[in-house]
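*Asks:* For reference, the file my_file_35.txt (compact mmCIF, C-alpha atoms) is included below:
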# COMPACT_ATOMS: atom_id res chain seq x y z
CA MET A 86 0.00 0.00 0.00
CA LYS A 87 1.36 3.42 -0.95
CA VAL A 88 1.25 6.24 1.60
CA LEU A 89 1.54 9.95 0.97
CA ASN A 90 1.02 11.96 4.16
CA THR A 91 1.60 15.71 4.26
CA HIS A 92 1.37 18.31 7.04
CA GLU A 93 2.18 21.96 6.48
CA ARG A 94 1.83 25.31 8.17
CA GLU A 95 2.08 28.84 6.84
CA LEU A 96 4.65 30.80 8.84
CA ASN A 97 4.68 34.57 8.55
CA ALA A 98 8.41 34.93 9.22
CA ASP A 99 11.64 35.55 7.35
CA TYR A 100 13.28 32.66 5.53
CA GLU A 101 16.34 32.88 7.81
CA GLN A 102 14.14 32.44 10.91
CA VAL A 103 12.21 29.48 9.46
CA SER A 104 15.38 27.80 8.18
CA LYS A 105 16.71 27.67 11.76
CA LEU A 106 13.84 25.34 12.66
CA ILE A 107 15.15 22.57 10.41
CA ASP A 108 18.77 23.15 11.38
CA SER A 109 17.92 22.82 15.09
CA LEU A 110 16.29 19.38 14.77
CA SER A 111 17.51 16.92 17.43
CA SER A 112 19.83 19.52 18.97
CA GLU A 113 19.72 20.62 22.60
CA ASP A 114 17.99 23.77 21.37
CA ASP A 115 15.47 22.07 19.08
CA LEU A 116 12.98 24.70 17.88
CA LEU A 117 10.72 22.32 15.95
CA TRP A 118 10.32 18.92 17.57
CA PRO A 119 7.61 18.81 20.30
CA GLY A 120 9.77 17.09 22.90
CA GLN A 121 7.53 18.28 25.72
CA CYS A 122 4.94 15.56 24.87
CA TRP A 123 6.61 13.15 22.46
CA PRO A 124 9.78 11.02 22.35
CA ARG A 125 12.71 13.19 21.34
CA MET A 126 14.31 12.92 17.94
CA LYS A 127 17.83 11.61 18.57
CA PHE A 128 20.79 10.80 16.34
CA ASP A 129 24.20 9.23 16.83
CA HIS A 130 25.80 12.54 15.80
CA PRO A 131 24.60 16.02 14.78
CA ILE A 132 22.10 16.12 11.95
CA GLY A 133 23.79 15.47 8.64
CA VAL A 134 23.88 12.84 5.91
CA GLY A 135 24.44 9.41 7.46
CA ALA A 136 23.26 10.31 10.99
CA LYS A 137 21.32 7.35 12.42
CA GLY A 138 18.54 7.63 14.94
CA GLY A 139 14.84 8.27 15.20
CA HIS A 140 12.14 8.84 17.79
CA GLY A 141 10.32 6.25 19.86
CA PRO A 142 9.88 3.05 17.82
CA ILE A 143 10.53 4.83 14.49
CA GLY A 144 14.07 4.55 13.14
CA TYR A 145 15.67 6.37 10.25
CA VAL A 146 18.90 7.63 8.76
CA VAL A 147 19.46 11.10 7.27
CA GLU A 148 19.72 10.58 3.52
CA ALA A 149 19.82 14.24 2.42
CA TYR A 150 20.36 17.51 4.21
CA ASN A 151 20.35 20.98 2.71
CA PRO A 152 21.01 23.29 5.68
CA GLY A 153 18.17 25.70 6.30
CA GLN A 154 16.12 24.25 3.47
CA SER A 155 15.33 20.54 3.88
CA VAL A 156 16.19 17.28 5.56
CA SER A 157 15.15 13.83 4.38
CA PHE A 158 15.17 10.61 6.41
CA CYS A 159 15.04 7.03 5.09
CA PHE A 160 13.08 4.66 7.36
CA THR A 161 15.00 1.81 9.00
CA LYS A 162 12.17 0.68 11.28
CA PRO A 163 9.57 -0.48 11.89
CA LYS A 164 9.67 -3.38 9.51
CA GLY A 165 7.44 -2.77 6.51
CA PHE A 166 8.03 1.00 6.30
CA ASN A 167 9.77 1.36 2.94
CA GLY A 168 10.31 5.00 2.07
CA PHE A 169 11.18 8.35 3.60
CA HIS A 170 9.94 11.37 5.48
CA LYS A 171 11.20 14.92 5.17
CA PHE A 172 10.88 18.51 6.32
CA ASP A 173 11.03 21.31 3.74
CA VAL A 174 10.93 25.08 3.92
CA VAL A 175 8.93 26.11 0.87
CA LYS A 176 9.73 29.58 -0.45
CA ARG A 177 6.97 31.52 -2.11
CA SER A 178 7.02 34.85 -3.90
CA LYS A 179 5.45 36.51 -0.84
CA LYS A 180 5.13 35.69 2.83
CA PRO A 181 4.00 33.48 4.41
CA LEU A 182 6.50 30.66 3.89
CA LEU A 183 5.43 27.05 4.24
CA LEU A 184 6.99 24.50 6.55
CA ARG A 185 6.05 21.09 5.21
CA HIS A 186 6.50 17.52 6.42
CA THR A 187 5.93 14.68 3.96
CA ILE A 188 5.97 10.91 4.25
CA GLU A 189 6.19 8.83 1.08
CA MET A 190 6.39 5.12 1.64
CA GLU A 191 5.20 1.68 0.62
CA LEU A 192 3.78 -0.46 3.43
CA LYS A 193 4.38 -4.19 3.65
CA GLY A 194 3.45 -6.94 6.10
CA THR A 195 2.25 -5.94 9.56
CA ALA A 196 2.78 -2.26 8.72
CA LEU A 197 -0.41 -2.54 6.65
CA LEU A 198 -2.23 -2.70 10.02
CA THR A 199 0.04 -0.76 12.39
CA TRP A 200 0.20 2.35 10.18
CA PRO A 201 -3.54 3.06 9.91
CA LEU A 202 -4.52 1.85 13.38
CA VAL A 203 -1.67 3.12 15.58
CA ILE A 204 1.21 4.93 13.92
CA ARG A 205 -0.65 7.27 11.58
CA PRO A 206 -2.90 8.76 14.27
CA LEU A 207 0.15 9.29 16.53
CA HIS A 208 2.20 10.66 13.62
CA ASP A 209 -0.52 13.11 12.63
CA ALA A 210 -0.86 14.39 16.21
CA LEU A 211 2.93 14.68 16.65
CA LEU A 212 3.36 16.61 13.39
CA GLU A 213 0.60 19.06 14.22
CA ASP A 214 2.26 19.61 17.61
CA ALA A 215 5.61 20.12 15.83
CA LEU A 216 4.12 22.77 13.57
CA SER A 217 2.61 24.51 16.60
CA THR A 218 6.03 24.35 18.30
CA ALA A 219 7.50 26.00 15.18
CA GLN A 220 4.98 28.82 15.47
CA VAL A 221 5.87 29.40 19.14
CA SER A 222 9.60 29.33 18.32
CA LEU A 223 8.97 32.12 15.80
CA GLY A 224 7.00 34.21 18.32
CA MET A 225 3.63 33.38 16.76
CA ALA A 226 0.48 32.16 18.49
CA PRO A 227 0.24 28.38 17.93
CA ARG A 228 -2.66 26.88 16.03
CA MET A 229 -3.17 23.79 18.16
CA ARG A 230 -5.07 20.77 16.93
CA PRO A 231 -6.46 18.86 19.93
CA TRP A 232 -5.56 15.16 20.10
CA SER A 233 -8.34 12.78 19.16
CA LEU A 234 -9.75 10.39 21.74
CA TRP A 235 -8.07 7.55 19.80
CA VAL A 236 -4.64 9.24 20.10
CA LYS A 237 -5.19 9.68 23.85
CA ILE A 238 -6.15 5.99 24.21
CA ILE A 239 -3.13 4.77 22.21
CA ARG A 240 -0.78 6.98 24.25
CA TRP A 241 -2.35 5.76 27.51
CA ILE A 242 -1.94 2.09 26.48
CA MET A 243 1.63 2.56 25.22
CA SER A 244 2.66 4.39 28.41
CA GLY A 245 1.14 1.87 30.80
CA GLY A 246 -1.38 4.46 31.95
CA LYS A 247 1.18 7.24 32.45
CA ALA A 248 0.70 9.25 29.26
CA GLN A 249 1.26 12.97 29.49
CA ALA A 250 -1.58 15.25 28.40
CA GLN A 251 -1.22 17.53 25.39
CA ILE A 252 0.63 20.71 26.30
CA LEU A 253 0.35 24.07 24.61
CA PRO A 254 3.90 24.65 23.38
CA ASN A 255 5.76 27.61 24.81
CA LYS A 256 9.36 28.50 25.50
CA ALA A 257 9.09 27.33 29.14
CA ASN A 258 7.85 23.89 28.02
CA ALA A 259 10.74 23.63 25.56
CA ALA A 260 13.24 24.33 28.34
CA ASP A 261 11.52 21.75 30.57
CA ALA A 262 11.64 19.13 27.79
CA LYS A 263 15.35 19.82 27.33
CA SER A 264 16.05 19.29 31.04
CA ARG A 265 13.99 16.05 31.11
CA ALA A 266 15.93 14.74 28.12
CA ALA A 267 19.21 15.39 29.95
CA ASP A 268 18.07 13.21 32.87
For this file, write the structure as structure tokens.
*Replies:*
Amino acid sequence: MKVLNTHERELNADYEQVSKLIDSLSSEDDLLWPGQCWPRMKFDHPIGVGAKGGHGPIGYVVEAYNPGQSVSFCFTKPKGFNGFHKFDVVKRSKKPLLLRHTIEMELKGTALLTWPLVIRPLHDALLEDALSTAQVSLGMAPRMRPWSLWVKIIRWIMSGGKAQAQILPNKANAADAKSRAAD
């Protein structure tokens, strides 16, 4: 089964400001990833071609990186995820710019069930939180999308009943997520 999944947000900011979002991914000062509620994106070395890592049960390797413009990751797990996901800053003739995340993959085996039932709902919620985090990092009011009941149930089951509630991203939450990750 082929999957094309896209999330994007218009950001009324300068290209230089938006480009810093991509360049900060997985760093101690990550301006994009919603680490306050989701497993952090981690790599074996700073983001660049060949860096291996992922978040939670999703593994990938950086296959292309154009600083400030785009980063593309090739899936290494879970089994049956054959393809990539990427972040792009899309320039337009006028503001606002677009920050876009895209998954293109072919599903095989058990991924034919795990993607639509578990991973896609979590992925969609995480990406909307990431785009809201981007807005906060740029000094904008976030456009939050509340988690569905299904996302809350999956998170509760996967955490053994200890799932954290959705948090409105702000600079204080980002600092708290950074300190929790250091523990």
*Asks:* Would you compute the distance between CA of Arg228 (chain A) and CA of Phe128 (chain A)? Give it in Å to one decimal.
*Replies:*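 Those two atoms sit 28.4 Å apart.
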*Asks:* Using Å and a single decimal, report how far CA of Asp108 (chain A) sits from CA of Tyr150 (chain A).
*Replies:* 9.3 Å
*Asks:* With 12 Å as the cut-off and all atoms listed in the file counted, what is the closest atom pair between each nearby residue of region 151-178 of chain A and region 94-99 of chain A? Distances in Å to one decimal, ordered by chain and number, as JSON lines.
*Replies:*
{"residue": "A:Gly153", "atom": "CA", "partner": "A:Asp99", "partner_atom": "CA", "distance": 11.9}
{"residue": "A:Phe172", "atom": "CA", "partner": "A:Arg94", "partner_atom": "CA", "distance": 11.5}
{"residue": "A:Asp173", "atom": "CA", "partner": "A:Arg94", "partner_atom": "CA", "distance": 11.0}
{"residue": "A:Val174", "atom": "CA", "partner": "A:Leu96", "partner_atom": "CA", "distance": 9.8}
{"residue": "A:Val175", "atom": "CA", "partner": "A:Glu95", "partner_atom": "CA", "distance": 9.5}
{"residue": "A:Lys176", "atom": "CA", "partner": "A:Asp99", "partner_atom": "CA", "distance": 10.0}
{"residue": "A:Arg177", "atom": "CA", "partner": "A:Glu95", "partner_atom": "CA", "distance": 10.5}
*Asks:* How many Å separate CA of Asn90 (chain A) from CA of Pro119 (chain A)?
*Replies:*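 CA of Asn90 (chain A) sits 18.7 Å away from CA of Pro119 (chain A).
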*Asks:* Scan for residues within 12 Å of the point (-2.9, 8.0, 12.6) in the coordinates of the file, using only C-alpha atoms, and reply as a ChimeraX atom specification.
*Replies:* /A:88,90,198-213,232-237,239-240
*Asks:* Between A:Met86, A:Leu197, A:Leu110, A:Val146, which one has atoms that come closest to Ala215 (chain A), using all atoms listed in the file?
*Replies:*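 Once distances to Ala215 (chain A) are computed over all atoms listed in the file, the minimum belongs to A:Leu110.
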*Asks:* Which one is closest to Lys247 (chain A): A:Ala196, A:Cys122, A:Ser112, A:Phe166? Count all atoms listed in the file.
*Replies:*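 Closest to Lys247 (chain A) of all the choices is A:Cys122.
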*Asks:* Restricting the calculation to only C-alpha atoms, which member of A:Ala248, A:Leu253, A:Ile107, A:Ile242 is positioned closest to Ala226 (chain A)?
*Replies:* A:Leu253
*Asks:* Can I get region 184-208 of chain A with N, CA and C atoms filled in, as a JSON list (two decimals), keeping the file's coordinate frame?
*Replies:*
[["chain", "number", "residue", "atom", "x", "y", "z"],
["A", 184, "LEU", "N", 6.17, 25.57, 5.99],
["A", 184, "LEU", "CA", 6.99, 24.50, 6.55],
["A", 184, "LEU", "C", 6.17, 23.24, 6.32],
["A", 185, "ARG", "N", 6.78, 22.29, 5.62],
["A", 185, "ARG", "CA", 6.05, 21.09, 5.21],
["A", 185, "ARG", "C", 6.78, 19.83, 5.68],
["A", 186, "HIS", "N", 5.99, 18.86, 6.12],
["A", 186, "HIS", "CA", 6.50, 17.52, 6.42],
["A", 186, "HIS", "C", 5.76, 16.55, 5.52],
["A", 187, "THR", "N", 6.51, 15.65, 4.88],
["A", 187, "THR", "CA", 5.93, 14.68, 3.96],
["A", 187, "THR", "C", 6.47, 13.30, 4.26],
["A", 188, "ILE", "N", 5.57, 12.32, 4.24],
["A", 188, "ILE", "CA", 5.97, 10.91, 4.25],
["A", 188, "ILE", "C", 5.55, 10.33, 2.90],
["A", 189, "GLU", "N", 6.49, 9.64, 2.26],
["A", 189, "GLU", "CA", 6.19, 8.83, 1.08],
["A", 189, "GLU", "C", 6.77, 7.47, 1.34],
["A", 190, "MET", "N", 5.90, 6.47, 1.37],
["A", 190, "MET", "CA", 6.39, 5.12, 1.64],
["A", 190, "MET", "C", 5.43, 4.08, 1.08],
["A", 191, "GLU", "N", 5.95, 2.87, 0.99],
["A", 191, "GLU", "CA", 5.20, 1.68, 0.62],
["A", 191, "GLU", "C", 5.15, 0.81, 1.86],
["A", 192, "LEU", "N", 3.95, 0.39, 2.25],
["A", 192, "LEU", "CA", 3.78, -0.46, 3.43],
["A", 192, "LEU", "C", 3.74, -1.93, 3.03],
["A", 193, "LYS", "N", 4.37, -2.74, 3.87],
["A", 193, "LYS", "CA", 4.38, -4.19, 3.65],
["A", 193, "LYS", "C", 4.12, -4.89, 4.98],
["A", 194, "GLY", "N", 3.60, -6.10, 4.91],
["A", 194, "GLY", "CA", 3.45, -6.94, 6.10],
["A", 194, "GLY", "C", 2.57, -6.31, 7.18],
["A", 195, "THR", "N", 3.03, -6.44, 8.44],
["A", 195, "THR", "CA", 2.25, -5.94, 9.56],
["A", 195, "THR", "C", 2.06, -4.43, 9.54],
["A", 196, "ALA", "N", 2.93, -3.72, 8.82],
["A", 196, "ALA", "CA", 2.78, -2.26, 8.72],
["A", 196, "ALA", "C", 1.47, -1.88, 8.03],
["A", 197, "LEU", "N", 0.89, -2.80, 7.27],
["A", 197, "LEU", "CA", -0.41, -2.54, 6.65],
["A", 197, "LEU", "C", -1.49, -2.34, 7.71],
["A", 198, "LEU", "N", -1.29, -2.90, 8.91],
["A", 198, "LEU", "CA", -2.23, -2.70, 10.02],
["A", 198, "LEU", "C", -1.75, -1.65, 11.01],
["A", 199, "THR", "N", -0.45, -1.68, 11.35],
["A", 199, "THR", "CA", 0.04, -0.76, 12.39],
["A", 199, "THR", "C", 0.00, 0.69, 11.93],
["A", 200, "TRP", "N", 0.24, 0.96, 10.65],
["A", 200, "TRP", "CA", 0.20, 2.35, 10.18],
["A", 200, "TRP", "C", -1.20, 2.96, 10.35],
["A", 201, "PRO", "N", -2.25, 2.38, 9.78],
["A", 201, "PRO", "CA", -3.54, 3.06, 9.91],
["A", 201, "PRO", "C", -4.14, 3.03, 11.31],
["A", 202, "LEU", "N", -3.88, 1.98, 12.07],
["A", 202, "LEU", "CA", -4.52, 1.85, 13.38],
["A", 202, "LEU", "C", -3.79, 2.56, 14.51],
["A", 203, "VAL", "N", -2.45, 2.59, 14.45],
["A", 203, "VAL", "CA", -1.67, 3.12, 15.58],
["A", 203, "VAL", "C", -0.74, 4.26, 15.15],
["A", 204, "ILE", "N", 0.14, 3.98, 14.21],
["A", 204, "ILE", "CA", 1.21, 4.93, 13.92],
["A", 204, "ILE", "C", 0.71, 6.19, 13.23],
["A", 205, "ARG", "N", -0.18, 6.06, 12.27],
["A", 205, "ARG", "CA", -0.65, 7.27, 11.58],
["A", 205, "ARG", "C", -1.35, 8.24, 12.52],
["A", 206, "PRO", "N", -2.28, 7.78, 13.37],
["A", 206, "PRO", "CA", -2.90, 8.76, 14.27],
["A", 206, "PRO", "C", -1.88, 9.44, 15.19],
["A", 207, "LEU", "N", -0.90, 8.70, 15.69],
["A", 207, "LEU", "CA", 0.15, 9.29, 16.53],
["A", 207, "LEU", "C", 1.01, 10.25, 15.71],
["A", 208, "HIS", "N", 1.38, 9.82, 14.51],
["A", 208, "HIS", "CA", 2.20, 10.66, 13.62],
["A", 208, "HIS", "C", 1.49, 11.98, 13.33]]
